[in-house]
Each structure stands twice: as C-alpha cells, then as structure tokens.
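Asker: Just one file: input_0.cif, with mmCIF, C-alpha atoms.
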data_my_file
loop_
_atom_site.group_PDB
_atom_site.id
_atom_site.type_symbol
_atom_site.label_atom_id
_atom_site.label_comp_id
_atom_site.auth_asym_id
_atom_site.auth_seq_id
_atom_site.Cartn_x
_atom_site.Cartn_y
_atom_site.Cartn_z
ATOM 1 C CA MET H 1 -1.101 -0.026 -1.113
ATOM 2 C CA GLU H 2 -3.418 0.720 -3.993
ATOM 3 C CA GLY H 3 -2.556 2.049 -7.415
ATOM 4 C CA VAL H 4 0.932 0.575 -7.662
ATOM 5 C CA ASN H 5 2.263 -0.664 -10.984
ATOM 6 C CA LEU H 6 4.217 -3.752 -9.913
ATOM 7 C CA GLN H 7 5.526 -4.379 -13.433
ATOM 8 C CA ALA H 8 7.009 -0.865 -13.436
ATOM 9 C CA LEU H 9 8.810 -1.683 -10.181
ATOM 10 C CA ASP H 10 10.168 -4.887 -11.710
ATOM 11 C CA THR H 11 11.486 -2.894 -14.647
ATOM 12 C CA GLU H 12 12.822 0.048 -12.637
ATOM 13 C CA PHE H 13 14.828 -2.149 -10.275
ATOM 14 C CA ASP H 14 15.608 -4.869 -12.843
ATOM 15 C CA LEU H 15 14.084 -7.418 -10.491
ATOM 16 C CA ARG H 16 13.322 -10.118 -13.065
ATOM 17 C CA SER H 17 16.967 -10.511 -14.035
ATOM 18 C CA LYS H 18 17.763 -11.067 -10.350
ATOM 19 C CA GLY H 19 15.083 -13.736 -10.000
ATOM 20 C CA TYR H 20 12.609 -11.505 -8.170
ATOM 21 C CA SER H 21 9.307 -9.809 -8.882
ATOM 22 C CA ALA H 22 7.378 -7.208 -6.928
ATOM 23 C CA VAL H 23 4.210 -8.529 -5.279
ATOM 24 C CA ALA H 24 3.338 -5.735 -2.832
ATOM 25 C CA VAL H 25 4.316 -2.289 -1.654
ATOM 26 C CA VAL H 26 4.475 -1.366 2.011
ATOM 27 C CA SER H 27 4.775 2.161 3.311
ATOM 28 C CA PHE H 28 6.628 2.910 6.498
ATOM 29 C CA GLY H 29 7.753 5.939 8.409
ATOM 30 C CA TYR H 30 5.942 8.847 9.956
ATOM 31 C CA ARG H 31 3.358 11.125 8.430
ATOM 32 C CA SER H 32 3.898 14.827 8.254
ATOM 33 C CA ASP H 33 2.260 17.060 10.842
ATOM 34 C CA GLU H 34 0.864 18.929 7.812
ATOM 35 C CA ASP H 35 -0.920 15.802 6.482
ATOM 36 C CA PHE H 36 -4.636 16.596 6.168
ATOM 37 C CA ASN H 37 -5.814 12.976 5.780
ATOM 38 C CA PRO H 38 -6.084 11.995 9.461
ATOM 39 C CA LYS H 39 -8.419 14.917 10.084
ATOM 40 C CA ILE H 40 -11.036 14.082 7.430
ATOM 41 C CA SER H 41 -13.804 11.541 7.930
ATOM 42 C CA LYS H 42 -13.329 8.102 6.409
ATOM 43 C CA SER H 43 -15.718 5.736 4.716
ATOM 44 C CA ARG H 44 -14.946 2.177 5.780
ATOM 45 C CA LEU H 45 -16.780 -1.098 5.370
ATOM 46 C CA SER H 46 -17.584 -2.995 8.545
ATOM 47 C CA GLU H 47 -15.456 -5.983 9.548
ATOM 48 C CA GLU H 48 -18.486 -8.205 8.900
ATOM 49 C CA ALA H 49 -18.616 -6.990 5.302
ATOM 50 C CA ILE H 50 -14.913 -7.707 4.737
ATOM 51 C CA PHE H 51 -14.067 -10.862 6.695
ATOM 52 C CA ILE H 52 -15.722 -14.257 6.523
ATOM 53 C CA LYS H 53 -15.168 -17.456 8.474
ATOM 54 C CA ALA H 54 -14.185 -20.559 6.558
#
Now, as a test, write the supplied structure out as structure tokens.

Answerer:
Amino acid sequence: MEGVNLQALDTEFDLRSKGYSAVAVVSFGYRSDEDFNPKISKSRLSEEAIFIKA
C-alpha cells in the first residue's frame, strides 16, 4: 500500500520496544458497494514494463 508512514506505525504500536518494526501494510476485507473506484478507468503499466527475467 502506498503512502504509509511505517515509522509512525512503529511509534503508534510501540513496535521497536517489542523487537519489531513495520515493513508493509496489507489491506483486507470487502469494499463498500458505494466505492466509486472500481467504476473508473485505470492507468496501468504493462507486465512487460514492470517485470524482467533474471
């Protein structure tokens, strides 16, 4: 997920004192039927532009 302040999560949940640190945020659940995002067009890069073979 973009735009997440991982240091703020560490502070908010006192993760460092527990030996942890936030490295990612994952959303889960269901979207609202009133969510407008699925209905608008998206701008996505092609797979070829994103992935490479080693």

Asker: Find, counting all atoms listed in the file, the residue in H:Ala49, H:Glu2, H:Asp33, H:Gln7 that gets nearest to Tyr20 in chain H.

Answerer: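 For Tyr20 in chain H, the nearest of the candidates is H:Gln7.
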
Asker: Work out how far apart CA of Gly3 in chain H and CA of Phe28 in chain H are and give it in Å to one decimal.

Answerer: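 Pair CA of Gly3 in chain H / CA of Phe28 in chain H returns 16.7 Å.
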
Asker: Would you give the centre and edge lengths, in Å to one decimal, of a box along x, y and z around the listed atoms of range 20-31 of chain H, with 5 Å added to each side, as AutoDock Vina command-line options?

Answerer:
--center_x 8.0 --center_y -0.2 --center_z 0.5 --size_x 19.3 --size_y 32.6 --size_z 28.8

Asker: For a quick check of understanding, using all atoms listed in the file, which of H:Ile50, H:Leu9, H:Leu45, H:Ile40 has the smallest distance to Ala24 in chain H?

Answerer: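 Closest to Ala24 in chain H, using all atoms listed in the file: H:Leu9.
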
Asker: For Val25 in chain H, which residue among H:Phe51, H:Ser43, H:Asn5, H:Asn37 is the nearest when counting all atoms listed in the file?

Answerer: H:Asn5

Asker: Rounded to one decimal place, report the CA of Lys18 in chain H-CA of Met1 in chain H distance in Å.

Answerer: 23.7 Å

Asker: One decimal, Å: what's the distance from CA of Leu6 in chain H over to CA of Val23 in chain H, could you say?

Answerer: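 Atom-to-atom, CA of Leu6 in chain H and CA of Val23 in chain H are spaced 6.7 Å apart.
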
Asker: Will you model N, CA and C atoms for range 29-53 of chain H and pass it back as a compact mmCIF listing (two decimals), keeping the file's coordinate frame?

Answerer:
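Okay, rebuild.txt is ready:
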# COMPACT_ATOMS: atom_id res chain seq x y z
N GLY H 29 7.26 4.63 8.02
CA GLY H 29 7.75 5.94 8.41
C GLY H 29 6.70 6.69 9.18
N TYR H 30 6.84 7.98 9.21
CA TYR H 30 5.94 8.85 9.96
C TYR H 30 5.28 9.82 9.00
N ARG H 31 4.02 10.15 9.29
CA ARG H 31 3.36 11.12 8.43
C ARG H 31 3.75 12.53 8.88
N SER H 32 3.60 13.43 7.98
CA SER H 32 3.90 14.83 8.25
C SER H 32 2.84 15.42 9.17
N ASP H 33 3.22 16.34 10.01
CA ASP H 33 2.26 17.06 10.84
C ASP H 33 1.30 17.87 9.97
N GLU H 34 1.69 18.16 8.73
CA GLU H 34 0.86 18.93 7.81
C GLU H 34 -0.09 18.04 6.99
N ASP H 35 -0.06 16.72 7.21
CA ASP H 35 -0.92 15.80 6.48
C ASP H 35 -2.37 16.04 6.87
N PHE H 36 -3.23 16.30 5.89
CA PHE H 36 -4.64 16.60 6.17
C PHE H 36 -5.48 15.33 6.29
N ASN H 37 -5.01 14.19 5.81
CA ASN H 37 -5.81 12.98 5.78
C ASN H 37 -6.33 12.48 7.13
N PRO H 38 -5.55 12.51 8.20
CA PRO H 38 -6.08 12.00 9.46
C PRO H 38 -7.26 12.80 10.00
N LYS H 39 -7.39 14.03 9.54
CA LYS H 39 -8.42 14.92 10.08
C LYS H 39 -9.76 14.80 9.36
N ILE H 40 -9.78 14.17 8.17
CA ILE H 40 -11.04 14.08 7.43
C ILE H 40 -11.74 12.76 7.75
N SER H 41 -13.06 12.75 7.61
CA SER H 41 -13.80 11.54 7.93
C SER H 41 -13.54 10.48 6.87
N LYS H 42 -13.61 9.23 7.29
CA LYS H 42 -13.33 8.10 6.41
C LYS H 42 -14.61 7.31 6.14
N SER H 43 -14.62 6.63 5.05
CA SER H 43 -15.72 5.74 4.72
C SER H 43 -15.15 4.33 4.68
N ARG H 44 -15.49 3.52 5.66
CA ARG H 44 -14.95 2.18 5.78
C ARG H 44 -16.08 1.16 5.84
N LEU H 45 -15.84 0.01 5.25
CA LEU H 45 -16.78 -1.10 5.37
C LEU H 45 -16.61 -1.72 6.76
N SER H 46 -17.67 -2.32 7.25
CA SER H 46 -17.58 -3.00 8.54
C SER H 46 -16.74 -4.26 8.43
N GLU H 47 -16.22 -4.74 9.55
CA GLU H 47 -15.46 -5.98 9.55
C GLU H 47 -16.30 -7.13 9.01
N GLU H 48 -17.59 -7.13 9.35
CA GLU H 48 -18.49 -8.20 8.90
C GLU H 48 -18.62 -8.22 7.38
N ALA H 49 -18.52 -7.07 6.76
CA ALA H 49 -18.62 -6.99 5.30
C ALA H 49 -17.32 -7.42 4.60
N ILE H 50 -16.21 -7.40 5.34
CA ILE H 50 -14.91 -7.71 4.74
C ILE H 50 -14.48 -9.14 5.02
N PHE H 51 -14.59 -9.57 6.28
CA PHE H 51 -14.07 -10.86 6.70
C PHE H 51 -15.17 -11.92 6.79
N ILE H 52 -14.80 -13.13 6.39
CA ILE H 52 -15.72 -14.26 6.52
C ILE H 52 -15.00 -15.38 7.26
N LYS H 53 -15.76 -16.29 7.83
CA LYS H 53 -15.17 -17.46 8.47
C LYS H 53 -15.27 -18.63 7.52
